[in-house]
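Colleague: Structure supplied as input-v3.cif; contents: mmCIF, C-alpha atoms.
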data_upload
loop_
_atom_site.label_atom_id
_atom_site.label_comp_id
_atom_site.auth_asym_id
_atom_site.auth_seq_id
_atom_site.Cartn_x
_atom_site.Cartn_y
_atom_site.Cartn_z
CA MET V 1 80.22 -106.23 -28.73
CA ASN V 2 79.47 -107.08 -25.13
CA LYS V 3 76.74 -109.36 -23.80
CA LYS V 4 74.52 -106.52 -22.66
CA ALA V 5 74.47 -104.99 -26.17
CA GLN V 6 73.62 -108.36 -27.70
CA TYR V 7 70.76 -108.81 -25.22
CA ASP V 8 69.33 -105.34 -25.97
CA PHE V 9 69.56 -105.98 -29.72
CA ALA V 10 67.74 -109.33 -29.41
CA ARG V 11 65.10 -107.80 -27.13
CA LYS V 12 64.42 -105.01 -29.65
CA ALA V 13 64.09 -107.56 -32.44
CA VAL V 14 61.53 -109.57 -30.43
CA TYR V 15 59.58 -106.39 -29.62
CA LEU V 16 59.61 -105.44 -33.30
CA ILE V 17 58.23 -108.85 -34.31
CA VAL V 18 55.47 -108.61 -31.68
CA VAL V 19 54.52 -105.09 -32.79
CA VAL V 20 54.42 -106.12 -36.47
CA PHE V 21 52.28 -109.14 -35.60
CA VAL V 22 49.81 -107.04 -33.56
CA LEU V 23 49.53 -104.36 -36.27
CA THR V 24 48.98 -106.99 -38.96
CA PHE V 25 46.29 -108.64 -36.86
CA LEU V 26 44.54 -105.28 -36.31
CA PHE V 27 44.70 -104.41 -40.00
CA VAL V 28 43.27 -107.77 -41.10
CA SER V 29 40.52 -107.61 -38.43
CA LEU V 30 39.44 -104.10 -39.37
CA TYR V 31 39.49 -104.94 -43.06
CA GLY V 32 37.27 -107.98 -42.45
CA PHE V 33 34.90 -105.96 -40.28
CA PHE V 34 34.41 -103.25 -42.91
CA PHE V 35 34.09 -105.77 -45.73
CA LYS V 36 31.37 -107.72 -43.92
CA SER V 37 29.42 -104.58 -43.04
CA ASN V 38 29.52 -103.39 -46.67
CA GLU V 39 28.32 -106.79 -47.86
CA GLY V 40 25.24 -106.52 -45.63
CA LEU V 41 24.56 -103.01 -46.88
CA ILE V 42 24.79 -104.14 -50.51
CA LYS V 43 22.33 -106.99 -49.88
CA LYS V 44 19.93 -104.56 -48.21
CA LEU V 45 20.19 -102.14 -51.15
CA ASN V 46 19.60 -104.97 -53.64
CA LYS V 47 16.47 -105.96 -51.72
CA GLU V 48 15.23 -102.37 -51.92
CA HIS V 49 15.99 -102.27 -55.67
CA LEU V 50 14.02 -105.50 -56.14
CA SER V 51 11.08 -104.09 -54.22
CA THR V 52 11.12 -100.85 -56.25
CA LEU V 53 11.35 -102.77 -59.51
CA THR V 54 8.44 -105.02 -58.55
CA LYS V 55 6.29 -102.05 -57.52
CA SER V 56 6.91 -100.35 -60.87
CA PHE V 57 5.75 -103.50 -62.68
CA LEU V 58 2.61 -103.80 -60.54
CA TYR V 59 1.50 -100.17 -60.29
CA SER V 60 2.77 -98.24 -63.30
CA ALA V 61 0.72 -97.82 -66.46
CA ASN V 62 4.04 -97.42 -68.31
CA CYS V 63 4.93 -100.98 -67.31
CA PHE V 64 2.62 -103.98 -67.11
CA ALA V 65 -0.27 -102.71 -64.97
CA TYR V 66 -3.62 -102.79 -66.72
CA SER V 67 -5.11 -99.38 -67.45
CA ASP V 68 -8.61 -98.72 -68.71
CA ASP V 69 -8.57 -97.04 -72.12
CA TYR V 70 -11.77 -95.09 -71.47
CA SER V 71 -11.06 -93.65 -68.02
CA GLY V 72 -7.25 -93.97 -67.94
CA ARG V 73 -7.49 -95.58 -64.49
CA VAL V 74 -4.66 -97.95 -63.56
CA TYR V 75 -5.66 -101.19 -61.84
CA PRO V 76 -2.79 -102.02 -59.47
CA GLY V 77 -1.92 -105.69 -59.23
CA THR V 78 -3.58 -106.49 -62.56
CA ILE V 79 -1.12 -107.32 -65.33
CA ASP V 80 -2.08 -106.58 -68.93
CA LEU V 81 -0.83 -109.58 -70.90
CA SER V 82 -0.62 -107.52 -74.10
CA LYS V 83 1.94 -105.23 -72.39
CA PHE V 84 3.96 -108.11 -70.94
CA ASN V 85 6.78 -108.19 -73.49
CA ASN V 86 10.36 -107.01 -73.99
CA GLU V 87 9.15 -104.01 -76.03
CA THR V 88 7.45 -102.55 -72.97
CA LEU V 89 10.65 -102.99 -70.97
CA GLN V 90 12.72 -101.24 -73.61
CA ASN V 91 10.39 -98.28 -74.23
CA GLY V 92 12.42 -96.12 -71.83
CA LYS V 93 9.62 -95.63 -69.30
CA CYS V 94 9.30 -99.04 -67.65
CA ALA V 95 12.12 -100.17 -65.36
CA LEU V 96 13.96 -97.02 -66.30
CA PHE V 97 17.09 -97.62 -64.24
CA TYR V 98 17.16 -101.41 -64.53
CA LYS V 99 18.40 -102.59 -67.90
CA ASP V 100 20.17 -105.80 -66.80
CA GLY V 101 20.14 -108.31 -64.04
CA PHE V 102 16.47 -109.15 -63.67
CA GLY V 103 13.88 -111.50 -65.06
CA VAL V 104 10.09 -111.50 -64.80
CA TRP V 105 7.78 -114.50 -64.97
CA LEU V 106 4.00 -114.67 -65.04
CA TYR V 107 2.45 -117.92 -63.93
CA LYS V 108 -1.21 -118.64 -64.67
CA GLY V 109 -2.13 -120.34 -61.44
CA LYS V 110 -2.48 -119.80 -57.73
CA VAL V 111 0.13 -118.69 -55.23
CA GLY V 112 -0.32 -122.02 -53.45
CA ASP V 113 1.21 -123.76 -56.50
CA ILE V 114 4.47 -121.88 -55.93
CA ASN V 115 6.82 -123.31 -53.33
CA GLU V 116 10.54 -123.36 -52.64
CA ASN V 117 11.11 -125.31 -55.87
CA TRP V 118 9.41 -122.73 -58.06
CA GLN V 119 12.24 -122.98 -60.63
CA ASN V 120 10.78 -126.35 -61.66
CA LEU V 121 7.65 -124.55 -62.88
CA LEU V 122 9.54 -122.31 -65.30
CA ASN V 123 9.46 -124.77 -68.19
CA GLN V 124 5.70 -125.19 -68.22
CA SER V 125 3.48 -123.77 -70.94
CA ASN V 126 1.52 -121.48 -68.61
CA ILE V 127 4.64 -119.38 -67.86
CA PHE V 128 5.37 -116.13 -69.66
CA ARG V 129 8.92 -114.75 -69.34
CA ILE V 130 10.78 -111.58 -70.23
CA GLY V 131 14.15 -110.12 -69.34
CA GLN V 132 17.28 -112.15 -68.75
CA VAL V 133 15.63 -115.30 -67.50
CA SER V 134 18.54 -117.69 -67.94
CA ARG V 135 20.62 -116.23 -65.11
CA TYR V 136 20.73 -117.35 -61.52
CA TYR V 137 19.06 -114.79 -59.27
CA GLU V 138 20.16 -114.13 -55.70
CA MET V 139 16.79 -112.68 -54.74
CA TYR V 140 13.30 -113.02 -56.01
CA GLU V 141 9.89 -111.73 -55.04
CA ILE V 142 6.63 -113.61 -55.54
CA ASN V 143 3.45 -111.54 -55.87
CA PRO V 144 -0.16 -112.61 -56.41
CA VAL V 145 -1.65 -110.78 -59.39
CA PHE V 146 -4.58 -110.84 -61.76
CA ILE V 147 -3.77 -111.37 -65.42
CA LYS V 148 -5.94 -109.51 -67.92
CA ASP V 149 -5.98 -111.33 -71.25
CA LYS V 150 -8.29 -109.54 -73.69
CA SER V 151 -11.75 -109.93 -72.11
CA GLN V 152 -10.96 -112.40 -69.33
CA THR V 153 -9.21 -111.90 -66.02
CA ILE V 154 -7.56 -114.85 -64.32
CA GLU V 155 -5.60 -115.36 -61.14
CA GLY V 156 -1.83 -115.56 -61.45
CA VAL V 157 1.55 -115.08 -59.87
CA MET V 158 4.32 -112.69 -60.88
CA ILE V 159 7.88 -113.67 -59.98
CA VAL V 160 10.61 -111.06 -60.26
CA GLY V 161 14.22 -112.24 -59.96
CA PHE V 162 17.07 -109.81 -59.34
CA SER V 163 20.82 -110.23 -59.08
#
Kindly transcribe the structure held in the file into structure tokens.

Modeller:
Amino acid sequence: MNKKAQYDFARKAVYLIVVVFVLTFLFVSLYGFFFKSNEGLIKKLNKEHLSTLTKSFLYSANCFAYSDDYSGRVYPGTIDLSKFNNETLQNGKCALFYKDGFGVWLYKGKVGDINENWQNLLNQSNIFRIGQVSRYYEMYEINPVFIKDKSQTIEGVMIVGFS
């Protein structure tokens, strides 16, 4: 083998290493780009699912919204405490597509009592809970509501956690 052949062989090997390095870098970059964009989309979809779930709790007579027996009118934003139980969730009409991954709390108090450390309130006696409430939730939504308990209506807060 002459020197020129050795030089060409070494040059081709260096070019091959550079090409493999560039292709690997492009592959890893594109994979990271697509993975990050999908992660954002999933978070956005989860936020939409949480909003839909919360709206069904607040506005549907099949869920927790208070409905007048005489007229059949639903009072949006008013939670019937007699309906606020796991039986209502499992009747097949409330939260139809959400069987796992959420918890619901009712707090008898004002929205001003809820702050960033709202988890500290969950052990108090004026909290009602249903669903899987022992899990950590990525997202939660806090809504002011009225709580209808037999003949009295009081101000409250509904917290829906979703993972």

Colleague: Identify, on the basis of all atoms listed in the file, every residue whose closest approach to Glu141 of chain V does not exceed 8 Å; exclude the query and any residue fewer than 4 positions from it along the same chain; express the result as JSON, numbers by chain.

Modeller: {"V": [50, 51, 54, 159, 160, 161]}

Colleague: May I ask for the distance between atom CA of Lys110 of chain V and atom CA of Pro144 of chain V, given in Å to one decimal place?

Modeller: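 Interatomic distance, atom CA of Lys110 of chain V to atom CA of Pro144 of chain V: 7.7 Å.
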
Colleague: Rounded to one decimal place, report the atom CA of Gly109 of chain V-atom CA of Phe146 of chain V distance in Å.

Modeller: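 Straight-line distance from atom CA of Gly109 of chain V to atom CA of Phe146 of chain V works out to 9.8 Å.
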
Colleague: Enumerate, as a count of residues only, the residues matched when the PyMOL selection byres ((chain V and resi 52) around 12) is run on the file above.

Modeller: 23

Colleague: Calculated over all atoms listed in the file, which of the candidates V:Leu30, V:Ile79, V:Val74, V:Leu16 has the smallest distance to Lys148 of chain V?

Modeller: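 Of V:Leu30, V:Ile79, V:Val74, V:Leu16, the one nearest Lys148 of chain V is V:Ile79, counting all atoms listed in the file.
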
Colleague: Would you compute the distance between atom CA of Met158 of chain V and atom CA of Thr88 of chain V? Give it in Å to one decimal.

Modeller: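 Those two atoms sit 16.1 Å apart.
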
Colleague: Given the choices V:Asp80, V:Asp8, V:Glu138, V:Asp68, which gets closest to Gln152 of chain V if the distance is worked out from all atoms listed in the file?

Modeller: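 Closest residue, counting all atoms listed in the file: V:Asp80.
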
Colleague: Measuring atom to atom with all atoms listed in the file, identify which of V:Cys63, V:Leu81, V:Val22, V:Ala13 is nearest to Asp149 of chain V.

Modeller: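 Nearest candidate to Asp149 of chain V out of V:Cys63, V:Leu81, V:Val22, V:Ala13: V:Leu81.
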
Colleague: Rank V:Asn62, V:Leu23, V:Lys150, V:Met139 by their smallest atom-to-atom distance to Gln90 of chain V, using all atoms listed in the file, and report the top residue only.

Modeller: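 Checking each of V:Asn62, V:Leu23, V:Lys150, V:Met139 against Gln90 of chain V, counting all atoms listed in the file, the winner is V:Asn62.
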
Colleague: Taking 5 positions as the minimum chain separation for residues in the same chain, which residues sit within 9 Å of Val157 of chain V when counting only C-alpha atoms? Answer as a PyMOL selection string.

Modeller: chain V and resi 105-111+114+142-147
